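Data block for coords.pdb (PDB, C-alpha atoms):
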ATOM      1  CA  MET A   1       0.000   0.000   0.000
ATOM      2  CA  ALA A   2       2.828   2.387   0.850
ATOM      3  CA  GLU A   3       4.592   1.580  -2.419
ATOM      4  CA  ARG A   4       1.475   2.403  -4.485
ATOM      5  CA  PHE A   5       0.412   5.393  -2.365
ATOM      6  CA  GLU A   6       1.573   8.073  -4.827
ATOM      7  CA  THR A   7      -0.408   6.553  -7.699
ATOM      8  CA  MET A   8      -3.711   6.387  -5.815
ATOM      9  CA  PRO A   9      -6.590   8.781  -6.537
ATOM     10  CA  PRO A  10      -6.827  11.549  -3.883
ATOM     11  CA  GLN A  11      -9.720  10.048  -1.880
ATOM     12  CA  LEU A  12      -8.145   6.610  -1.822
ATOM     13  CA  ARG A  13      -4.928   8.211  -0.635
ATOM     14  CA  ILE A  14      -6.756   9.666   2.383
ATOM     15  CA  ALA A  15      -8.232   6.269   3.192
ATOM     16  CA  ALA A  16      -4.881   4.517   2.716
ATOM     17  CA  ARG A  17      -3.152   6.961   5.024
ATOM     18  CA  PHE A  18      -5.681   6.146   7.744
ATOM     19  CA  VAL A  19      -5.150   2.410   7.271
ATOM     20  CA  LEU A  20      -1.366   2.715   7.365
ATOM     21  CA  ASP A  21      -1.328   4.973  10.419
ATOM     22  CA  HIS A  22      -4.055   3.244  12.489
ATOM     23  CA  PRO A  23      -3.576  -0.535  12.115
ATOM     24  CA  GLN A  24      -5.291  -1.369  15.407
ATOM     25  CA  ASP A  25      -8.342   0.678  14.467
ATOM     26  CA  VAL A  26      -8.559  -1.171  11.159
ATOM     27  CA  ALA A  27      -8.650  -4.462  13.064
ATOM     28  CA  LEU A  28     -11.136  -3.384  15.735
ATOM     29  CA  MET A  29     -13.466  -0.749  14.274
ATOM     30  CA  SER A  30     -16.231  -1.175  11.735
ATOM     31  CA  MET A  31     -15.668   0.000   8.190
ATOM     32  CA  ARG A  32     -18.139   2.867   8.651
ATOM     33  CA  GLU A  33     -16.409   3.997  11.861
ATOM     34  CA  GLN A  34     -13.063   3.953  10.073
ATOM     35  CA  ALA A  35     -14.465   5.930   7.158
ATOM     36  CA  GLN A  36     -15.808   8.542   9.560
ATOM     37  CA  GLN A  37     -12.449   8.773  11.344
ATOM     38  CA  ALA A  38     -10.608   9.063   8.037
ATOM     39  CA  GLY A  39     -13.022  11.674   6.675
ATOM     40  CA  VAL A  40     -14.122   9.692   3.619
ATOM     41  CA  SER A  41     -17.238   7.771   2.588
ATOM     42  CA  HIS A  42     -17.604   4.082   3.416
ATOM     43  CA  SER A  43     -17.668   3.360  -0.333
ATOM     44  CA  THR A  44     -14.156   4.833  -0.551
ATOM     45  CA  MET A  45     -12.927   2.287   1.993
ATOM     46  CA  MET A  46     -14.448  -0.485  -0.126
ATOM     47  CA  ARG A  47     -12.839   0.928  -3.286
ATOM     48  CA  LEU A  48      -9.492   0.971  -1.496
ATOM     49  CA  ALA A  49      -9.752  -2.724  -0.704
ATOM     50  CA  ARG A  50     -10.655  -3.562  -4.318
ATOM     51  CA  TRP A  51      -7.889  -1.274  -5.607
ATOM     52  CA  LEU A  52      -5.463  -3.405  -3.586
ATOM     53  CA  GLY A  53      -6.804  -6.613  -5.116
ATOM     54  CA  LEU A  54      -9.009  -7.718  -2.206
ATOM     55  CA  GLU A  55     -12.608  -8.908  -2.524
ATOM     56  CA  GLY A  56     -13.881  -6.383  -0.007
ATOM     57  CA  TYR A  57     -12.982  -4.323   3.018
ATOM     58  CA  GLU A  58     -13.731  -7.199   5.387
ATOM     59  CA  ASP A  59     -10.695  -8.949   3.902
ATOM     60  CA  MET A  60      -8.613  -5.918   4.885
ATOM     61  CA  ARG A  61      -9.976  -6.001   8.439
ATOM     62  CA  ASN A  62      -9.275  -9.731   8.707
ATOM     63  CA  LEU A  63      -5.641  -9.247   7.685
ATOM     64  CA  TYR A  64      -5.134  -6.570  10.310
ATOM     65  CA  ALA A  65      -7.056  -8.512  12.967
ATOM     66  CA  ARG A  66      -4.830 -11.535  12.394
ATOM     67  CA  ALA A  67      -1.708  -9.390  12.696
ATOM     68  CA  LEU A  68      -3.044  -7.838  15.903
ATOM     69  CA  ARG A  69      -3.761 -11.255  17.414
ATOM     70  CA  GLU A  70      -0.259 -12.460  16.576
ATOM     71  CA  THR A  71       1.292  -9.333  18.073
ATOM     72  CA  THR A  72      -0.668  -9.431  21.328
ATOM     73  CA  ALA A  73      -0.824 -13.190  21.825
ATOM     74  CA  GLY A  74       0.288 -14.103  25.309
ATOM     75  CA  LEU A  75       0.561 -10.529  26.584
ATOM     76  CA  PRO A  76      -0.972 -10.160  30.039
ATOM     77  CA  ALA A  77      -3.798  -7.710  30.628
ATOM     78  CA  ARG A  78      -3.054  -4.597  32.612
ATOM     79  CA  GLN A  79      -3.043  -5.350  36.329
ATOM     80  CA  GLY A  80      -4.632  -3.142  38.932
ATOM     81  CA  ILE A  81      -8.003  -2.256  40.363
ATOM     82  CA  GLU A  82      -9.463   1.141  39.665
ATOM     83  CA  PRO A  83     -10.804   2.901  42.736
ATOM     84  CA  ASP A  84     -14.381   4.124  42.886
ATOM     85  CA  GLY A  85     -14.667   7.477  41.159
ATOM     86  CA  ASP A  86     -11.440   6.779  39.229
ATOM     87  CA  SER A  87      -9.793  10.191  40.015
ATOM     88  CA  GLY A  88      -7.703   9.856  36.862
ATOM     89  CA  PHE A  89      -6.263   6.429  37.651
ATOM     90  CA  SER A  90      -7.574   4.810  34.473
ATOM     91  CA  THR A  91      -6.460   7.736  32.305
ATOM     92  CA  ALA A  92      -2.935   7.536  33.706
ATOM     93  CA  GLY A  93      -2.864   3.794  33.136
ATOM     94  CA  VAL A  94      -4.233   3.916  29.601
ATOM     95  CA  VAL A  95      -1.831   6.655  28.501
ATOM     96  CA  ALA A  96       1.143   4.954  30.161
ATOM     97  CA  ASP A  97       0.294   1.579  28.599
ATOM     98  CA  ALA A  98      -0.107   3.112  25.146
ATOM     99  CA  LEU A  99       3.254   4.879  25.376
ATOM    100  CA  ALA A 100       4.959   1.740  26.660
ATOM    101  CA  ALA A 101       3.577  -0.293  23.753
ATOM    102  CA  GLN A 102       4.617   2.326  21.185
ATOM    103  CA  ILE A 103       8.144   2.579  22.548
ATOM    104  CA  SER A 104       8.486  -1.191  22.914
ATOM    105  CA  SER A 105       7.531  -1.664  19.259
ATOM    106  CA  LEU A 106      10.629   0.308  18.222
ATOM    107  CA  GLY A 107      12.702  -2.753  19.073
ATOM    108  CA  GLU A 108      10.809  -5.067  16.725
ATOM    109  CA  TYR A 109      12.825  -6.483  13.830
ATOM    110  CA  GLY A 110      11.575  -4.216  11.057
ATOM    111  CA  ASN A 111      11.965  -1.081  13.147
ATOM    112  CA  ALA A 112      15.380  -2.158  14.423
ATOM    113  CA  MET A 113      16.593  -2.523  10.839
ATOM    114  CA  GLN A 114      15.494   1.071  10.164
ATOM    115  CA  PHE A 115      17.555   2.236  13.135
ATOM    116  CA  ILE A 116      20.604   0.269  12.068
ATOM    117  CA  ALA A 117      20.545   1.649   8.519
ATOM    118  CA  ALA A 118      20.111   5.201   9.821
ATOM    119  CA  ALA A 119      22.907   4.764  12.381
ATOM    120  CA  ASP A 120      25.306   3.555   9.679
ATOM    121  CA  LEU A 121      24.620   6.749   7.720
ATOM    122  CA  VAL A 122      24.916   9.059  10.740
ATOM    123  CA  ALA A 123      28.085   7.388  12.028
ATOM    124  CA  GLY A 124      29.863   8.038   8.737
ATOM    125  CA  SER A 125      28.842  11.688   8.506
ATOM    126  CA  ARG A 126      31.318  14.508   8.039
ATOM    127  CA  ASN A 127      29.051  17.040   9.761
ATOM    128  CA  LEU A 128      25.724  16.411  11.448
ATOM    129  CA  PHE A 129      22.711  18.732  11.538
ATOM    130  CA  GLY A 130      19.439  18.453  13.436
ATOM    131  CA  LEU A 131      16.189  20.102  12.318
ATOM    132  CA  GLY A 132      12.761  20.156  13.920
ATOM    133  CA  LEU A 133      10.134  22.840  14.434
ATOM    134  CA  ARG A 134       7.351  23.313  16.977
ATOM    135  CA  SER A 135       6.822  20.067  18.903
ATOM    136  CA  ALA A 136       9.625  18.391  16.917
ATOM    137  CA  TYR A 137      12.154  21.024  17.998
ATOM    138  CA  PRO A 138      12.990  19.521  21.425
ATOM    139  CA  VAL A 139      13.410  16.085  19.804
ATOM    140  CA  ALA A 140      15.982  17.414  17.313
ATOM    141  CA  SER A 141      17.642  19.419  20.091
ATOM    142  CA  HIS A 142      17.917  16.336  22.283
ATOM    143  CA  PHE A 143      19.543  14.388  19.458
ATOM    144  CA  VAL A 144      22.090  17.125  18.778
ATOM    145  CA  ASP A 145      22.873  17.427  22.485
ATOM    146  CA  ILE A 146      23.514  13.689  22.793
ATOM    147  CA  MET A 147      25.499  13.432  19.567
ATOM    148  CA  SER A 148      27.758  16.330  20.503
ATOM    149  CA  PHE A 149      29.362  13.922  23.000
ATOM    150  CA  ALA A 150      29.866  11.180  20.427
ATOM    151  CA  ALA A 151      31.316  13.472  17.737
ATOM    152  CA  GLY A 152      34.960  12.782  17.167
ATOM    153  CA  GLY A 153      37.667  14.578  15.229
ATOM    154  CA  GLU A 154      36.568  17.622  13.242
ATOM    155  CA  ARG A 155      32.918  16.673  12.903
ATOM    156  CA  LYS A 156      30.519  19.476  13.773
ATOM    157  CA  VAL A 157      27.126  18.775  15.299
ATOM    158  CA  MET A 158      24.646  21.635  14.907
ATOM    159  CA  LEU A 159      20.990  22.346  15.577
ATOM    160  CA  VAL A 160      19.592  24.455  12.760
ATOM    161  CA  GLY A 161      16.339  26.284  12.287
ATOM    162  CA  GLU A 162      14.533  29.525  12.862
ATOM    163  CA  MET A 163      14.325  29.020  16.630
ATOM    164  CA  VAL A 164      18.038  28.617  17.302
ATOM    165  CA  GLY A 165      21.268  30.549  16.978
ATOM    166  CA  GLN A 166      22.395  28.511  13.976
ATOM    167  CA  GLY A 167      19.924  29.582  11.289
ATOM    168  CA  LEU A 168      19.075  27.623   8.202
ATOM    169  CA  GLU A 169      21.939  29.354   6.408
ATOM    170  CA  ALA A 170      24.238  26.919   8.230
ATOM    171  CA  LEU A 171      23.126  24.362   5.635
ATOM    172  CA  GLN A 172      24.096  26.487   2.633
ATOM    173  CA  HIS A 173      27.479  24.836   2.311
ATOM    174  CA  ALA A 174      26.421  21.364   3.436
ATOM    175  CA  GLY A 175      26.858  18.619   0.867
ATOM    176  CA  ARG A 176      27.973  15.069   0.291
ATOM    177  CA  GLY A 177      29.227  13.418   3.441
ATOM    178  CA  ASP A 178      27.008  15.564   5.679
ATOM    179  CA  VAL A 179      23.826  14.257   7.318
ATOM    180  CA  LEU A 180      20.644  16.075   8.325
ATOM    181  CA  LEU A 181      18.294  14.532  10.891
ATOM    182  CA  ALA A 182      14.852  15.979  10.130
ATOM    183  CA  VAL A 183      12.043  15.412  12.627
ATOM    184  CA  GLY A 184       8.452  16.060  11.580
ATOM    185  CA  MET A 185       4.984  14.818  12.498
ATOM    186  CA  SER A 186       1.606  15.520  10.911
ATOM    187  CA  PRO A 187       0.614  18.277  10.263
ATOM    188  CA  TYR A 188       4.033  18.725   8.678
ATOM    189  CA  GLU A 189       5.883  22.034   8.861
ATOM    190  CA  ARG A 190       6.466  23.425   5.370
ATOM    191  CA  THR A 191       9.918  24.719   6.353
ATOM    192  CA  THR A 192      11.058  21.278   7.532
ATOM    193  CA  ILE A 193       9.956  19.659   4.260
ATOM    194  CA  GLU A 194      11.513  22.328   2.054
ATOM    195  CA  VAL A 195      14.811  22.369   3.961
ATOM    196  CA  ALA A 196      15.037  18.568   3.886
ATOM    197  CA  ARG A 197      14.288  18.537   0.141
ATOM    198  CA  GLN A 198      16.887  21.217  -0.625
ATOM    199  CA  SER A 199      19.472  19.479   1.548
ATOM    200  CA  ALA A 200      18.901  16.238  -0.351
ATOM    201  CA  ARG A 201      19.407  18.111  -3.639
ATOM    202  CA  GLN A 202      22.774  19.319  -2.301
ATOM    203  CA  GLY A 203      23.809  15.733  -1.658
ATOM    204  CA  VAL A 204      23.206  15.757   2.107
ATOM    205  CA  GLY A 205      22.077  12.414   3.494
ATOM    206  CA  VAL A 206      18.692  13.018   5.079
ATOM    207  CA  VAL A 207      17.546  10.825   7.966
ATOM    208  CA  ALA A 208      13.892  11.339   8.890
ATOM    209  CA  ILE A 209      12.067  10.609  12.096
ATOM    210  CA  THR A 210       8.422  10.876  11.167
ATOM    211  CA  ASP A 211       5.030   9.325  11.769
ATOM    212  CA  SER A 212       4.042   7.583   8.545
ATOM    213  CA  SER A 213       5.449   5.538   5.712
ATOM    214  CA  VAL A 214       3.749   8.047   3.390
ATOM    215  CA  SER A 215       4.996  11.166   5.183
ATOM    216  CA  PRO A 216       6.610  13.692   2.803
ATOM    217  CA  LEU A 217       9.803  13.339   4.848
ATOM    218  CA  THR A 218       9.878   9.593   4.211
ATOM    219  CA  ARG A 219       9.887  10.190   0.464
ATOM    220  CA  ILE A 220      12.750  12.694   0.765
ATOM    221  CA  ALA A 221      14.930  10.803   3.231
ATOM    222  CA  ARG A 222      17.674   8.358   2.430
ATOM    223  CA  GLU A 223      16.785   6.528   5.648
ATOM    224  CA  ALA A 224      13.543   6.919   7.607
ATOM    225  CA  ILE A 225      12.498   5.856  11.090
ATOM    226  CA  ILE A 226       8.726   5.617  11.508
ATOM    227  CA  VAL A 227       7.327   6.229  14.982
ATOM    228  CA  SER A 228       3.796   6.573  16.262
ATOM    229  CA  SER A 229       2.499   9.957  17.351
ATOM    230  CA  ASN A 230      -0.951   8.642  18.323
ATOM    231  CA  SER A 231      -2.063   9.526  21.815
ATOM    232  CA  GLN A 232      -4.824   8.395  24.147
ATOM    233  CA  SER A 233      -5.519  12.058  24.879
ATOM    234  CA  PHE A 234      -6.031  15.289  22.940
ATOM    235  CA  PHE A 235      -2.415  15.819  21.835
ATOM    236  CA  ARG A 236       0.038  14.102  19.524
ATOM    237  CA  SER A 237       2.648  12.221  21.521
ATOM    238  CA  MET A 238       6.352  12.924  20.995
ATOM    239  CA  ALA A 239       7.528  10.302  23.506
ATOM    240  CA  PRO A 240       8.217   7.638  20.818
ATOM    241  CA  ALA A 241      10.237  10.197  18.825
ATOM    242  CA  PHE A 242      12.351  10.979  21.901
ATOM    243  CA  ALA A 243      12.940   7.267  22.407
ATOM    244  CA  ALA A 244      13.870   6.944  18.734
ATOM    245  CA  VAL A 245      16.623   9.571  18.876
ATOM    246  CA  GLU A 246      18.102   7.908  21.953
ATOM    247  CA  ILE A 247      18.157   4.514  20.219
ATOM    248  CA  LEU A 248      19.683   6.123  17.117
ATOM    249  CA  ALA A 249      22.315   7.918  19.211
ATOM    250  CA  ALA A 250      23.270   4.721  21.053
ATOM    251  CA  LEU A 251      23.678   2.782  17.797
ATOM    252  CA  THR A 252      25.608   5.625  16.179
ATOM    253  CA  ALA A 253      28.014   5.925  19.101
ATOM    254  CA  ALA A 254      28.728   2.194  18.927
ATOM    255  CA  ARG A 255      29.564   2.562  15.222
ATOM    256  CA  SER A 256      31.606   5.765  15.487
ATOM    257  CA  GLY A 257      34.614   4.289  17.263
ATOM    258  CA  THR A 258      34.664   7.046  19.891
ATOM    259  CA  ASN A 259      34.425   6.500  23.634
ATOM    260  CA  ALA A 260      31.213   8.420  24.162
ATOM    261  CA  ALA A 261      31.035   7.589  27.863
ATOM    262  CA  GLU A 262      34.516   9.032  28.426
ATOM    263  CA  ARG A 263      33.649  12.156  26.454
ATOM    264  CA  VAL A 264      30.543  12.670  28.579
ATOM    265  CA  LYS A 265      32.613  12.298  31.740
ATOM    266  CA  GLN A 266      35.169  14.846  30.527
ATOM    267  CA  SER A 267      32.460  17.296  29.541
ATOM    268  CA  GLU A 268      30.693  17.028  32.881
ATOM    269  CA  GLU A 269      33.975  17.575  34.700
ATOM    270  CA  GLN A 270      34.593  20.730  32.668
ATOM    271  CA  LEU A 271      31.069  22.024  33.325
ATOM    272  CA  ALA A 272      31.433  21.264  37.027
ATOM    273  CA  ALA A 273      34.668  23.273  37.087
ATOM    274  CA  PHE A 274      32.747  26.255  35.688
ATOM    275  CA  GLY A 275      30.123  25.916  38.423
ATOM    276  CA  ILE A 276      27.337  24.917  36.033
ATOM    277  CA  TYR A 277      25.927  22.218  38.270
ATOM    278  CA  TRP A 278      24.089  22.850  41.517
ATOM    279  CA  LYS A 279      25.811  21.700  44.709
ATOM    280  CA  PRO A 280      24.209  21.324  48.115
ATOM    281  CA  PRO A 281      25.369  23.873  50.727
ATOM    282  CA  ARG A 282      28.230  22.673  52.880
TER     283      ARG A 282
END
Now that the file is in, can you turn its structure into structure tokens?
Amino acid sequence: MAERFETMPPQLRIAARFVLDHPQDVALMSMREQAQQAGVSHSTMMRLARWLGLEGYEDMRNLYARALRETTAGLPARQGIEPDGDSGFSTAGVVADALAAQISSLGEYGNAMQFIAAADLVAGSRNLFGLGLRSAYPVASHFVDIMSFAAGGERKVMLVGEMVGQGLEALQHAGRGDVLLAVGMSPYERTTIEVARQSARQGVGVVAITDSSVSPLTRIAREAIIVSSNSQSFFRSMAPAFAAVEILAALTAARSGTNAAERVKQSEEQLAAFGIYWKPPR
């Protein structure tokens, strides 16, 4: 479905995006409920199934239901008894369980292979840039902060964008051998997409952390890491993206040949000497 996404008619593309981004809903919700969530007619969902060579949408649901059963087989139900009146206990549990499942899925084989390919590219970079706007900004910043410890030799590690000291002009002279980590979740920031596209034209290796296999960043990137941004509340969750940059940083450090732990120790000693860290009164 992801491979044929660009050739789909516009309405089918909307339906396909919903299916790709909400696999559990496909397995558990009725076709009409899914159509309502996706913002298309139920006949569009049926046309999508036929477009993919299936007899009907029920065949699609059965495929996803089978995958869900295989994934969750043997997993214990959440333990705990909710008190009368709840007082937020169930909300805390539901949100925590959803985040734990999303982060845990990053270690599954297919996702792990995405991380490994991205880490190989980042580890061999000449210079490394991080880009993310709005809610993606702290994710990119966290990655740059971590990677600054693992950078060896003359490699520069910079956070770029309109919100930081290093503006987008820092990428003007970037080219082959450099890598840009671009973080973006739906609704995608136009600046992030345009900067990633221009960087790719200049020969920069783009690594994307994004929320869909049909995200515009995925189509631009040389390597892409797909994370969920679905939340059990009113906001889009960035917790899986934070986990992703930490996994990527750990893999990159292992491939870079530098003693990242020793570099962190040296840096903290230097910062302590400057009085950066709080100390209890004597």
Within 9 Å of range 193-210 of chain A using all atoms listed in the file, minus same-chain residues under 3 positions, as a short mmCIF file (atom, residue, chain, number, x, y, z; two decimals) with C-alpha atoms, keeping the file's coordinate frame:
data_model
loop_
_atom_site.label_atom_id
_atom_site.label_comp_id
_atom_site.auth_asym_id
_atom_site.auth_seq_id
_atom_site.Cartn_x
_atom_site.Cartn_y
_atom_site.Cartn_z
CA ALA A 118 20.11 5.20 9.82
CA LEU A 121 24.62 6.75 7.72
CA VAL A 122 24.92 9.06 10.74
CA SER A 125 28.84 11.69 8.51
CA LEU A 131 16.19 20.10 12.32
CA LEU A 168 19.08 27.62 8.20
CA LEU A 171 23.13 24.36 5.64
CA GLN A 172 24.10 26.49 2.63
CA HIS A 173 27.48 24.84 2.31
CA ALA A 174 26.42 21.36 3.44
CA GLY A 175 26.86 18.62 0.87
CA ARG A 176 27.97 15.07 0.29
CA GLY A 177 29.23 13.42 3.44
CA ASP A 178 27.01 15.56 5.68
CA VAL A 179 23.83 14.26 7.32
CA LEU A 180 20.64 16.08 8.32
CA LEU A 181 18.29 14.53 10.89
CA ALA A 182 14.85 15.98 10.13
CA VAL A 183 12.04 15.41 12.63
CA GLY A 184 8.45 16.06 11.58
CA MET A 185 4.98 14.82 12.50
CA SER A 186 1.61 15.52 10.91
CA TYR A 188 4.03 18.73 8.68
CA GLU A 189 5.88 22.03 8.86
CA ARG A 190 6.47 23.42 5.37
CA SER A 213 5.45 5.54 5.71
CA SER A 215 5.00 11.17 5.18
CA PRO A 216 6.61 13.69 2.80
CA LEU A 217 9.80 13.34 4.85
CA THR A 218 9.88 9.59 4.21
CA ILE A 220 12.75 12.69 0.76
CA ALA A 221 14.93 10.80 3.23
CA ARG A 222 17.67 8.36 2.43
CA GLU A 223 16.78 6.53 5.65
CA ALA A 224 13.54 6.92 7.61
CA ILE A 225 12.50 5.86 11.09
CA ILE A 226 8.73 5.62 11.51
CA VAL A 227 7.33 6.23 14.98
CA SER A 228 3.80 6.57 16.26
CA SER A 229 2.50 9.96 17.35
CA ALA A 241 10.24 10.20 18.82
CA ALA A 244 13.87 6.94 18.73
CA VAL A 245 16.62 9.57 18.88
#
Check your understanding: Taking all atoms listed in the file into account, which of A:Val157, A:Val19, A:Ile247, A:Met113 comes nearest Met45 in chain A?
Key ->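 Closest residue, counting all atoms listed in the file: A:Val19.
Going from CA of Gln11 in chain A to CA of Gly39 in chain A covers 9.3 Å.
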**Study point:** Residue nearest Gly161 in chain A among A:Arg134, A:Ser148, A:Ala250, A:His142 (counting only C-alpha atoms)
**Key:**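 Closest to Gly161 in chain A, using only C-alpha atoms: A:Arg134.
Using all atoms listed in the file, the smallest distance between any of A:Leu159, A:Gln102, A:Pro10, A:Glu108 and Ala243 in chain A comes from A:Gln102.
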Point to revise | Surrounding residues of Phe18 in chain A excluding itself and chain neighbours under 6 positions, 12 Å, all atoms listed in the file, as a PyMOL selection string | key: chain A and resi 1-2+5+11-12+24-26+31+33-40+44-45+48+211-214+230
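Atom to atom, CA of Met60 in chain A and CA of Tyr109 in chain A stand 23.2 Å apart.
The nearest approach to Ala136 in chain A among the residues A:Ala239, A:Ile276, A:Ala15, A:Leu20, with all atoms listed in the file taken into account, belongs to A:Ala239.
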Point to revise | Å distance separating CA of Arg155 in chain A from CA of Arg126 in chain A, one decimal place | key: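 CA of Arg126 in chain A lies at a distance of 5.6 Å from CA of Arg155 in chain A.
Put simply, the PyMOL selection byres ((chain A and resi 63) around 12) in this file takes in Val19, Pro23, Gln24, Val26, Ala27, Leu28, Ala49, Leu54, Gly56, Tyr57, Glu58, Asp59, Met60, Arg61, Asn62, Tyr64, Ala65, Arg66, Ala67, Leu68, Arg69 and Glu70 of chain A.
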Practice item. Would you kindly return, as a PyMOL selection string, each protein, DNA or RNA residue with an atom no farther than 12 Å from any atom of Asp145 in chain A, considering all atoms listed in the file and excluding same-chain residues fewer than 3 positions away? Key: chain A and resi 128-130+138-142+148-151+156-159+245-246+249+264+267
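Distances here use all atoms listed in the file; by that measure, the residue among A:Pro9, A:Asp120, A:Arg50, A:Gly275 closest to Arg255 in chain A is A:Asp120.
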